[in-house]
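Presented below is the structure to which this report refers.
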Amino acid sequence: MLPKPRSALFFLSLFLLTLAAWPMATAQAQQTAPKLSPEEWDKAKHIYFNLCTGCHGTLRKGATGPNLLPKKTLELGTETLEEIIFSGTPAGMPNWGEQGALSKEETNLMARFVQNEPVAPPEMSLEDMKATWTTVVPVKSRPTKPMHTRNWQNYFGVVERDAGRIAIIDGDTKEIITRVPSGYATHILRSSASGRYFLSIGRDGKVGMIDLWMEKPTLVATVKTCAEARSVDASKYKGFEDKLIVVGCYWPPHLVVLDGQTLEPKKIVSTRGYTYDTFEYHPEPRVAAIVSSHYSPEWVVNVKETGYVWLVDYSNIDNLKISMIEAERFLHDGGWDSTHRYFMPAANMKDTMVVIDTKERKRVAKFMVGTKPHPGRGANWVDPKFGPVHGTVHIGEGLLSVWGTDPAKHPESAWKVVRSIALEPGAGSLFVKTHPKSTNLWLDFTLNTDVKNYQSLCVLDVRTLEQKAECIKLTEDPKARVVHMEYNKPGDEVWVSVWGKEGEVVVFDDKTRKIKTRIKGLTTPTGKFNVYNTMHDIY
Ligand code: DHE
């Protein structure tokens, strides 16, 4: 069973608060874990992987959501847990039952499951990965130049999440050129340094390599590097273009280095270790966002639970060097400033942004923003008063936080929140986007609880941020949510997904803010990635 569009990350942390609000439950504490048959156990594990693990962790130790260990869940008991799972909590736990993702029986099953001790899924060796490695088109059979006349750098890869495939769309003609199978619940795409390959990563840890130079974009290699993953990137530094790929896994908690042409697995590095602040051992530090440094042959890697940003030097992987920068716990997503020198990850459960200087290779700042920042890759623009700035929206409140990013010319505003703009639709934003050629700042409200807000896309002018956002409703489908924006290569169109079973990508003229076209027939479209902008980190 596939999950419905859901607030994932968002739905998480409050569970903990909610637990605190159930004192009666302790009185009827149930001290022995309810039994599950082998069939029930398999089914529950499957549901947990689909709906729960992203927020609560595979070992249920908690991250964006609270821990779900028997010490707590046994005290709550089956009935209380069922209520929480079925109806959700105001703090963000999704109402899985009410929204139809779980039946009453499944809700009861999950309430019983989480009272049992968590079981660690198997580890994965290089040998295991190699057994899954498939070369569909060998390097020698691939073209050495584009085999078509299309403007391939303006292609978009659109994740059709629940269909397990990527639609490759021509950004000039808006034609769906082809659809490439990409594995279960594909999460994101990144471009290789040359841009000719799209790299996909699925929640199931499956990596796909799509060659855009072939007459029709074609899957040329695949490999499974983990049971669960969210991130992938390529080596982009001069001299290392298209040489190596890195995959960030949730389970097993490790990163994997692959050959940049064939996807052959080369190296596994475990992220298990001690938290940066209290030095407690953590068995499941998951790899969140990864970017590729523009200043050295390094990947910049968010290690979520231990709170480190790793700089992984890929210039000699037989003698791998890793620098561990103390950042903040529960690092999630993040992006570059406009100069591509500073990487700014969000520690969403700590309401904190961290700034890593990839030239000096150290942390230069850490500051609080609003509740649960979720920038995606964030947005860069020039503020009329504060100069170059970057901004994030939040899951936990309706707020745009803006801070300066130019310590050389605007030291007084660098790494300080210079504007906090209240967003009227309220909480639940996942992404914010602009383009160097635009003065528009587009915002989604994907996880907002009001149907008209999650069905709408909103836009502000960066020159007059205090003015009310213009919001445009894009769908009548109560189950569809508007999510994730991306510009085309010229920077004059913005593309956004209507994430529903009968989904579509809506293309706006950036200047007029009017809809230009709707690309229909897409199944649960989520992220979309323009080749040129993804190659060059333009946002
Ligand atoms: Fe994502 C980025 C993890 C839920 C769509 N998501 C990311 C990144 C991470 C992450 C670590 C950064 C990758 C990078 O930059 O290298 N996402 C997670 C989760 O753990 C979480 C909260 C829960 C889960 O179980 O997966 C989660 N994400 C979602 C969704 O529910 C979304 C909306 C739809 C889906 O795919 O399930 C979603 N996440 C996205 C998108 C990006 C992303 C579109 C890329 C944004 C970009 O512009 O780069």
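By convention here, the chains of the structure tokens are called A, B, ... in the order presented, each chain's residues are numbered starting at 1, and ligands are numbered starting at 1 in the order presented.
Scanning stretch 385-462 of chain A with DSSP on the backbone, the alpha helix (DSSP H) assignments fall on Val451, Lys452, Asn453 and Tyr454 of chain A.
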Long-range neighbours of stretch 324-328 of chain A as a PyMOL selection string, 6 Å cut-off, only C-alpha atoms, 5 positions minimum in chain: chain A and resi 276+307-310
Take the residues that were just selected and, keeping all heavy atoms, output them as a compact mmCIF listing (two decimals), in the first residue's frame.
# COMPACT_ATOMS: atom_id res chain seq x y z
N TYR A 276 27.19 15.15 18.34
CA TYR A 276 28.23 16.18 18.39
C TYR A 276 28.27 16.92 19.74
O TYR A 276 29.31 17.46 20.12
CB TYR A 276 28.03 17.20 17.25
CG TYR A 276 27.12 18.35 17.62
CD1 TYR A 276 27.66 19.57 18.06
CD2 TYR A 276 25.74 18.22 17.61
CE1 TYR A 276 26.83 20.62 18.44
CE2 TYR A 276 24.91 19.25 17.98
CZ TYR A 276 25.46 20.45 18.39
OH TYR A 276 24.64 21.47 18.78
N GLY A 307 24.24 15.33 14.21
CA GLY A 307 24.38 16.78 14.10
C GLY A 307 25.69 17.27 13.50
O GLY A 307 26.10 18.40 13.76
N TYR A 308 26.33 16.43 12.72
CA TYR A 308 27.56 16.85 12.04
C TYR A 308 27.29 17.13 10.56
O TYR A 308 26.47 16.45 9.93
CB TYR A 308 28.61 15.73 12.07
CG TYR A 308 29.31 15.56 13.39
CD1 TYR A 308 28.93 14.55 14.26
CD2 TYR A 308 30.37 16.39 13.73
CE1 TYR A 308 29.59 14.38 15.48
CE2 TYR A 308 31.04 16.21 14.94
CZ TYR A 308 30.64 15.21 15.81
OH TYR A 308 31.30 15.04 17.00
N VAL A 309 28.01 18.12 10.02
CA VAL A 309 28.12 18.23 8.57
C VAL A 309 29.47 17.63 8.21
O VAL A 309 30.51 18.09 8.71
CB VAL A 309 28.03 19.70 8.10
CG1 VAL A 309 28.33 19.79 6.61
CG2 VAL A 309 26.65 20.28 8.39
N TRP A 310 29.46 16.61 7.40
CA TRP A 310 30.71 15.98 6.97
C TRP A 310 31.18 16.59 5.66
O TRP A 310 30.35 16.82 4.75
CB TRP A 310 30.48 14.48 6.72
CG TRP A 310 30.43 13.61 7.91
CD1 TRP A 310 30.33 14.00 9.22
CD2 TRP A 310 30.46 12.18 7.91
NE1 TRP A 310 30.30 12.89 10.03
CE2 TRP A 310 30.38 11.76 9.26
CE3 TRP A 310 30.55 11.20 6.92
CZ2 TRP A 310 30.38 10.41 9.62
CZ3 TRP A 310 30.54 9.87 7.28
CH2 TRP A 310 30.47 9.48 8.62
Per-residue nearest contacts of stretch 39-79 of chain A to stretch 200-205 of chain A (10 Å; only C-alpha atoms) as a tab-separated table:
residue	atom	partner	partner_atom	distance
A:Phe49	CA	A:Arg203	CA	9.4
A:Asn50	CA	A:Arg203	CA	9.0
A:Gly54	CA	A:Arg203	CA	9.5
Which residues come within 9 Å of A:Tyr281, counting only C-alpha atoms, excluding same-chain residues fewer than 6 positions away, as a JSON list (two decimals) with C-alpha atoms, in the first residue's frame?
[["chain", "number", "residue", "atom", "x", "y", "z"],
["A", 272, "ARG", "CA", 27.17, 5.52, 13.11],
["A", 273, "GLY", "CA", 28.86, 7.38, 15.92],
["A", 274, "TYR", "CA", 28.48, 9.90, 18.70],
["A", 275, "THR", "CA", 26.25, 12.96, 18.85],
["A", 306, "THR", "CA", 24.53, 13.18, 15.35]]
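Summary of the local environment: counting only C-alpha atoms, residues at most 8 Å from A:Ser270, other than itself and those fewer than 5 positions away along its chain, are Pro253, His254 and Leu255 of chain A.
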Writer output for current selection, N, CA, C and O atoms, as a short mmCIF file (atom, residue, chain, number, x, y, z; two decimals), in the first residue's frame:
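part09.cif written:
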data_model
loop_
_atom_site.label_atom_id
_atom_site.label_comp_id
_atom_site.auth_asym_id
_atom_site.auth_seq_id
_atom_site.Cartn_x
_atom_site.Cartn_y
_atom_site.Cartn_z
N PRO A 253 22.42 3.15 8.08
CA PRO A 253 22.89 4.54 8.12
C PRO A 253 24.31 4.63 7.57
O PRO A 253 25.27 4.43 8.30
N HIS A 254 24.40 4.89 6.28
CA HIS A 254 25.72 4.98 5.66
C HIS A 254 25.64 5.80 4.38
O HIS A 254 24.57 6.11 3.89
N LEU A 255 26.83 6.18 3.87
CA LEU A 255 26.85 6.73 2.52
C LEU A 255 27.66 5.80 1.65
O LEU A 255 28.54 5.07 2.11
#
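Once only C-alpha atoms and all ligand atoms are used for the distance check, the residues close to ligand 1 at 6 Å turn out to be Arg6, Ser7, Ala8, Leu9, Gly54, Cys55, His187, Ile188, Arg230, Ser231, Val232, Ala288, Ala289, Ile290, His332, Asp333, Gly376, Arg377, His484, Thr526 and Gly527 of chain A.
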Could you pull the residues within 8 Å of A:Asn95, counting only C-alpha atoms, minus those fewer than 4 positions along the same chain, as JSON, numbers by chain? {"A": [84, 85, 86, 87, 88, 89, 99]}
Using only N, CA, C and O atoms, please write the residues we just selected to a file, as a PDB file, in the first residue's frame.
ATOM      1  N   ILE A  84      -4.442   8.082  18.474  1.00  0.00           N
ATOM      2  CA  ILE A  84      -3.448   9.008  17.909  1.00  0.00           C
ATOM      3  C   ILE A  84      -3.195   8.671  16.445  1.00  0.00           C
ATOM      4  O   ILE A  84      -3.160   9.550  15.573  1.00  0.00           O
ATOM      5  N   ILE A  85      -3.029   7.389  16.165  1.00  0.00           N
ATOM      6  CA  ILE A  85      -2.702   6.979  14.787  1.00  0.00           C
ATOM      7  C   ILE A  85      -3.890   7.265  13.857  1.00  0.00           C
ATOM      8  O   ILE A  85      -3.715   7.731  12.735  1.00  0.00           O
ATOM      9  N   PHE A  86      -5.090   7.025  14.349  1.00  0.00           N
ATOM     10  CA  PHE A  86      -6.265   7.194  13.478  1.00  0.00           C
ATOM     11  C   PHE A  86      -6.602   8.670  13.250  1.00  0.00           C
ATOM     12  O   PHE A  86      -6.841   9.103  12.140  1.00  0.00           O
ATOM     13  N   SER A  87      -6.561   9.454  14.331  1.00  0.00           N
ATOM     14  CA  SER A  87      -7.062  10.836  14.227  1.00  0.00           C
ATOM     15  C   SER A  87      -5.965  11.890  14.194  1.00  0.00           C
ATOM     16  O   SER A  87      -6.245  13.067  14.010  1.00  0.00           O
ATOM     17  N   GLY A  88      -4.714  11.505  14.411  1.00  0.00           N
ATOM     18  CA  GLY A  88      -3.634  12.486  14.380  1.00  0.00           C
ATOM     19  C   GLY A  88      -3.636  13.361  15.615  1.00  0.00           C
ATOM     20  O   GLY A  88      -4.398  13.127  16.560  1.00  0.00           O
ATOM     21  N   THR A  89      -2.760  14.361  15.613  1.00  0.00           N
ATOM     22  CA  THR A  89      -2.710  15.304  16.735  1.00  0.00           C
ATOM     23  C   THR A  89      -2.541  16.705  16.171  1.00  0.00           C
ATOM     24  O   THR A  89      -2.019  16.865  15.062  1.00  0.00           O
ATOM     25  N   GLN A  99      -7.762  10.083   7.014  1.00  0.00           N
ATOM     26  CA  GLN A  99      -7.494  10.407   5.612  1.00  0.00           C
ATOM     27  C   GLN A  99      -7.471   9.165   4.717  1.00  0.00           C
ATOM     28  O   GLN A  99      -7.215   9.253   3.525  1.00  0.00           O
TER      29      GLN A  99
END
Distance query stretch 120-128 of chain A at most 8 Å, only C-alpha atoms, self and fewer than 2 positions along chain excluded, as a PyMOL selection string: chain A and resi 58-59+118+130-132+225-226+251-252+265-268
Strand (DSSP E) call set, DSSP backbone run, stretch 52-245 of chain A, as a PyMOL selection string: chain A and resi 134-135+155-160+165-170+176-181+186-191+197-202+206-211+218-224+228-234+244-245
Output N, CA and C atoms of each residue in that selection to a file, as a compact mmCIF listing (two decimals), in the first residue's frame.
# COMPACT_ATOMS: atom_id res chain seq x y z
N THR A 134 22.88 -3.20 -12.14
CA THR A 134 22.53 -3.57 -13.51
C THR A 134 23.01 -2.49 -14.47
N THR A 135 23.74 -2.90 -15.47
CA THR A 135 24.10 -1.96 -16.53
C THR A 135 23.15 -2.22 -17.68
N TYR A 155 15.40 20.40 -20.18
CA TYR A 155 14.52 19.29 -19.80
C TYR A 155 14.18 19.42 -18.32
N PHE A 156 13.00 18.90 -17.98
CA PHE A 156 12.62 18.73 -16.57
C PHE A 156 12.45 17.23 -16.30
N GLY A 157 12.95 16.78 -15.17
CA GLY A 157 12.61 15.45 -14.69
C GLY A 157 11.55 15.62 -13.62
N VAL A 158 10.39 15.00 -13.81
CA VAL A 158 9.31 15.13 -12.82
C VAL A 158 9.09 13.77 -12.16
N VAL A 159 9.20 13.74 -10.84
CA VAL A 159 9.01 12.49 -10.10
C VAL A 159 7.51 12.18 -10.07
N GLU A 160 7.13 11.03 -10.61
CA GLU A 160 5.74 10.54 -10.46
C GLU A 160 5.82 9.52 -9.34
N ARG A 165 8.23 6.27 -11.23
CA ARG A 165 8.89 6.60 -12.49
C ARG A 165 9.14 8.10 -12.59
N ILE A 166 9.98 8.44 -13.56
CA ILE A 166 10.31 9.85 -13.82
C ILE A 166 9.78 10.21 -15.20
N ALA A 167 9.00 11.28 -15.27
CA ALA A 167 8.59 11.80 -16.58
C ALA A 167 9.63 12.81 -17.01
N ILE A 168 10.17 12.63 -18.21
CA ILE A 168 11.13 13.61 -18.73
C ILE A 168 10.35 14.51 -19.69
N ILE A 169 10.33 15.79 -19.36
CA ILE A 169 9.49 16.74 -20.11
C ILE A 169 10.38 17.79 -20.77
N ASP A 170 10.12 18.06 -22.03
CA ASP A 170 10.86 19.08 -22.77
C ASP A 170 10.37 20.45 -22.28
N ILE A 176 5.78 15.50 -22.90
CA ILE A 176 6.37 14.42 -22.09
C ILE A 176 7.12 13.52 -23.09
N ILE A 177 8.45 13.59 -23.05
CA ILE A 177 9.23 12.86 -24.07
C ILE A 177 9.19 11.36 -23.78
N THR A 178 9.36 11.03 -22.51
CA THR A 178 9.34 9.61 -22.14
C THR A 178 9.15 9.48 -20.64
N ARG A 179 8.93 8.26 -20.21
CA ARG A 179 8.84 7.97 -18.77
C ARG A 179 9.81 6.84 -18.45
N VAL A 180 10.58 7.04 -17.41
CA VAL A 180 11.64 6.09 -17.08
C VAL A 180 11.33 5.46 -15.72
N PRO A 181 11.32 4.12 -15.63
CA PRO A 181 11.07 3.49 -14.32
C PRO A 181 12.21 3.81 -13.36
N THR A 186 10.17 7.22 -5.67
CA THR A 186 11.37 8.01 -5.95
C THR A 186 11.27 9.35 -5.23
N HIS A 187 12.41 9.77 -4.63
CA HIS A 187 12.35 10.98 -3.80
C HIS A 187 12.83 12.22 -4.56
N ILE A 188 14.08 12.20 -5.02
CA ILE A 188 14.58 13.39 -5.73
C ILE A 188 15.42 13.00 -6.94
N LEU A 189 15.74 14.01 -7.75
CA LEU A 189 16.70 13.87 -8.84
C LEU A 189 17.82 14.88 -8.62
N ARG A 190 19.01 14.52 -9.02
CA ARG A 190 20.10 15.48 -9.13
C ARG A 190 20.75 15.28 -10.49
N SER A 191 21.48 16.31 -10.97
CA SER A 191 22.15 16.22 -12.27
C SER A 191 23.62 15.90 -12.06
N TYR A 197 23.43 13.32 -17.36
CA TYR A 197 22.74 12.27 -16.59
C TYR A 197 21.86 12.89 -15.51
N PHE A 198 20.64 12.38 -15.44
CA PHE A 198 19.82 12.61 -14.25
C PHE A 198 20.07 11.42 -13.33
N LEU A 199 20.26 11.68 -12.04
CA LEU A 199 20.42 10.63 -11.05
C LEU A 199 19.19 10.63 -10.17
N SER A 200 18.53 9.48 -10.07
CA SER A 200 17.33 9.42 -9.23
C SER A 200 17.63 8.58 -7.99
N ILE A 201 16.95 8.92 -6.89
CA ILE A 201 17.07 8.10 -5.68
C ILE A 201 15.67 7.82 -5.14
N GLY A 202 15.42 6.54 -4.87
CA GLY A 202 14.11 6.15 -4.35
C GLY A 202 14.17 5.97 -2.85
N LYS A 206 17.11 2.72 -4.24
CA LYS A 206 17.50 2.38 -5.60
C LYS A 206 17.94 3.65 -6.34
N VAL A 207 19.13 3.56 -6.94
CA VAL A 207 19.66 4.69 -7.72
C VAL A 207 19.43 4.40 -9.19
N GLY A 208 19.02 5.40 -9.95
CA GLY A 208 18.87 5.25 -11.40
C GLY A 208 19.70 6.30 -12.10
N MET A 209 20.25 5.94 -13.26
CA MET A 209 21.03 6.90 -14.04
C MET A 209 20.37 7.02 -15.41
N ILE A 210 19.92 8.23 -15.73
CA ILE A 210 19.17 8.43 -16.98
C ILE A 210 20.01 9.28 -17.92
N ASP A 211 20.29 8.75 -19.11
CA ASP A 211 21.12 9.46 -20.09
C ASP A 211 20.23 10.33 -20.98
N THR A 218 17.09 7.58 -21.52
CA THR A 218 17.05 6.14 -21.25
C THR A 218 17.75 5.84 -19.92
N LEU A 219 17.17 4.89 -19.18
CA LEU A 219 17.81 4.41 -17.97
C LEU A 219 19.01 3.56 -18.38
N VAL A 220 20.23 3.99 -18.00
CA VAL A 220 21.41 3.25 -18.46
C VAL A 220 22.03 2.37 -17.37
N ALA A 221 21.73 2.64 -16.11
CA ALA A 221 22.26 1.79 -15.04
C ALA A 221 21.42 1.96 -13.77
N THR A 222 21.37 0.92 -12.96
CA THR A 222 20.69 1.01 -11.66
C THR A 222 21.47 0.21 -10.62
N VAL A 223 21.29 0.58 -9.36
CA VAL A 223 21.85 -0.20 -8.26
C VAL A 223 21.07 0.14 -7.00
N LYS A 224 20.97 -0.83 -6.11
CA LYS A 224 20.31 -0.58 -4.82
C LYS A 224 21.38 -0.53 -3.73
N GLU A 228 16.69 2.10 2.57
CA GLU A 228 15.95 3.35 2.62
C GLU A 228 16.91 4.51 2.40
N ALA A 229 16.55 5.43 1.51
CA ALA A 229 17.46 6.55 1.21
C ALA A 229 16.65 7.78 0.83
N ARG A 230 17.33 8.94 0.86
CA ARG A 230 16.66 10.18 0.43
C ARG A 230 17.53 11.06 -0.46
N SER A 231 18.87 10.83 -0.53
CA SER A 231 19.68 11.80 -1.25
C SER A 231 20.75 11.16 -2.14
N VAL A 232 21.13 11.92 -3.16
CA VAL A 232 22.15 11.49 -4.11
C VAL A 232 22.81 12.74 -4.67
N ASP A 233 24.09 12.66 -5.00
CA ASP A 233 24.72 13.77 -5.73
C ASP A 233 25.94 13.24 -6.46
N ALA A 234 26.52 14.11 -7.29
CA ALA A 234 27.65 13.69 -8.13
C ALA A 234 28.89 14.48 -7.75
N LEU A 244 32.29 10.34 -10.03
CA LEU A 244 31.79 9.59 -8.87
C LEU A 244 30.39 10.08 -8.48
N ILE A 245 29.70 9.21 -7.76
CA ILE A 245 28.36 9.55 -7.26
C ILE A 245 28.32 9.15 -5.78
Excluding A:Ile317 and residues on its chain fewer than 3 positions from it, collect all residues at most 9 Å away from it, counting only C-alpha atoms, and give them as JSON, numbers by chain. {"A": [257, 266, 267, 313, 314, 320, 321]}
Could you dump the residues just selected with all heavy atoms as a short mmCIF file (atom, residue, chain, number, x, y, z; two decimals), in the first residue's frame?
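The result, stored in out_13.cif:
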data_model
loop_
_atom_site.label_atom_id
_atom_site.label_comp_id
_atom_site.auth_asym_id
_atom_site.auth_seq_id
_atom_site.Cartn_x
_atom_site.Cartn_y
_atom_site.Cartn_z
N VAL A 257 29.71 5.31 -2.11
CA VAL A 257 30.33 5.95 -3.27
C VAL A 257 30.22 5.00 -4.46
O VAL A 257 30.53 3.80 -4.34
CB VAL A 257 31.81 6.29 -2.99
CG1 VAL A 257 32.43 6.99 -4.19
CG2 VAL A 257 31.93 7.17 -1.74
N LYS A 266 31.52 1.31 -4.97
CA LYS A 266 32.97 1.37 -4.72
C LYS A 266 33.31 1.34 -3.24
O LYS A 266 34.33 0.83 -2.85
CB LYS A 266 33.53 2.69 -5.28
CG LYS A 266 33.49 2.80 -6.78
CD LYS A 266 34.68 2.09 -7.33
CE LYS A 266 34.81 2.23 -8.81
NZ LYS A 266 35.65 1.17 -9.36
N LYS A 267 32.48 2.01 -2.44
CA LYS A 267 32.86 2.18 -1.03
C LYS A 267 31.63 2.49 -0.18
O LYS A 267 30.75 3.21 -0.61
CB LYS A 267 33.83 3.36 -0.94
CG LYS A 267 34.63 3.37 0.31
CD LYS A 267 35.74 4.40 0.27
CE LYS A 267 36.71 4.11 1.38
NZ LYS A 267 37.76 3.18 1.00
N ASP A 313 36.06 14.19 1.27
CA ASP A 313 37.00 14.48 0.19
C ASP A 313 37.07 13.25 -0.72
O ASP A 313 37.53 12.19 -0.30
CB ASP A 313 38.37 14.78 0.81
CG ASP A 313 39.44 15.07 -0.23
OD1 ASP A 313 39.25 14.70 -1.41
OD2 ASP A 313 40.46 15.67 0.14
N TYR A 314 36.57 13.42 -1.96
CA TYR A 314 36.51 12.25 -2.86
C TYR A 314 37.70 12.19 -3.83
O TYR A 314 37.69 11.41 -4.78
CB TYR A 314 35.18 12.21 -3.61
CG TYR A 314 34.82 13.48 -4.37
CD1 TYR A 314 35.48 13.85 -5.54
CD2 TYR A 314 33.78 14.29 -3.93
CE1 TYR A 314 35.14 15.00 -6.24
CE2 TYR A 314 33.43 15.45 -4.61
CZ TYR A 314 34.12 15.79 -5.77
OH TYR A 314 33.78 16.93 -6.45
N LEU A 320 40.28 7.85 1.99
CA LEU A 320 39.20 8.83 2.15
C LEU A 320 39.43 9.73 3.36
O LEU A 320 39.74 9.26 4.45
CB LEU A 320 37.89 8.06 2.34
CG LEU A 320 36.61 8.83 2.09
CD1 LEU A 320 36.43 9.05 0.59
CD2 LEU A 320 35.43 8.03 2.61
N LYS A 321 39.26 11.06 3.12
CA LYS A 321 39.39 12.00 4.24
C LYS A 321 38.02 12.59 4.54
O LYS A 321 37.34 13.07 3.62
CB LYS A 321 40.34 13.14 3.84
CG LYS A 321 41.80 12.80 4.05
CD LYS A 321 42.68 14.02 3.84
CE LYS A 321 42.78 14.37 2.37
NZ LYS A 321 43.57 15.51 2.03
#
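Interatomic distance, atom CA of A:Asn116 against atom CA of A:Gly65: 18.0 Å.
The gap separating atom CA of A:Ala365 from atom CA of A:His282 is 25.0 Å, in Å to one decimal.
From atom CA of A:Arg341 back to atom CA of A:Arg463, the distance works out to 24.5 Å.
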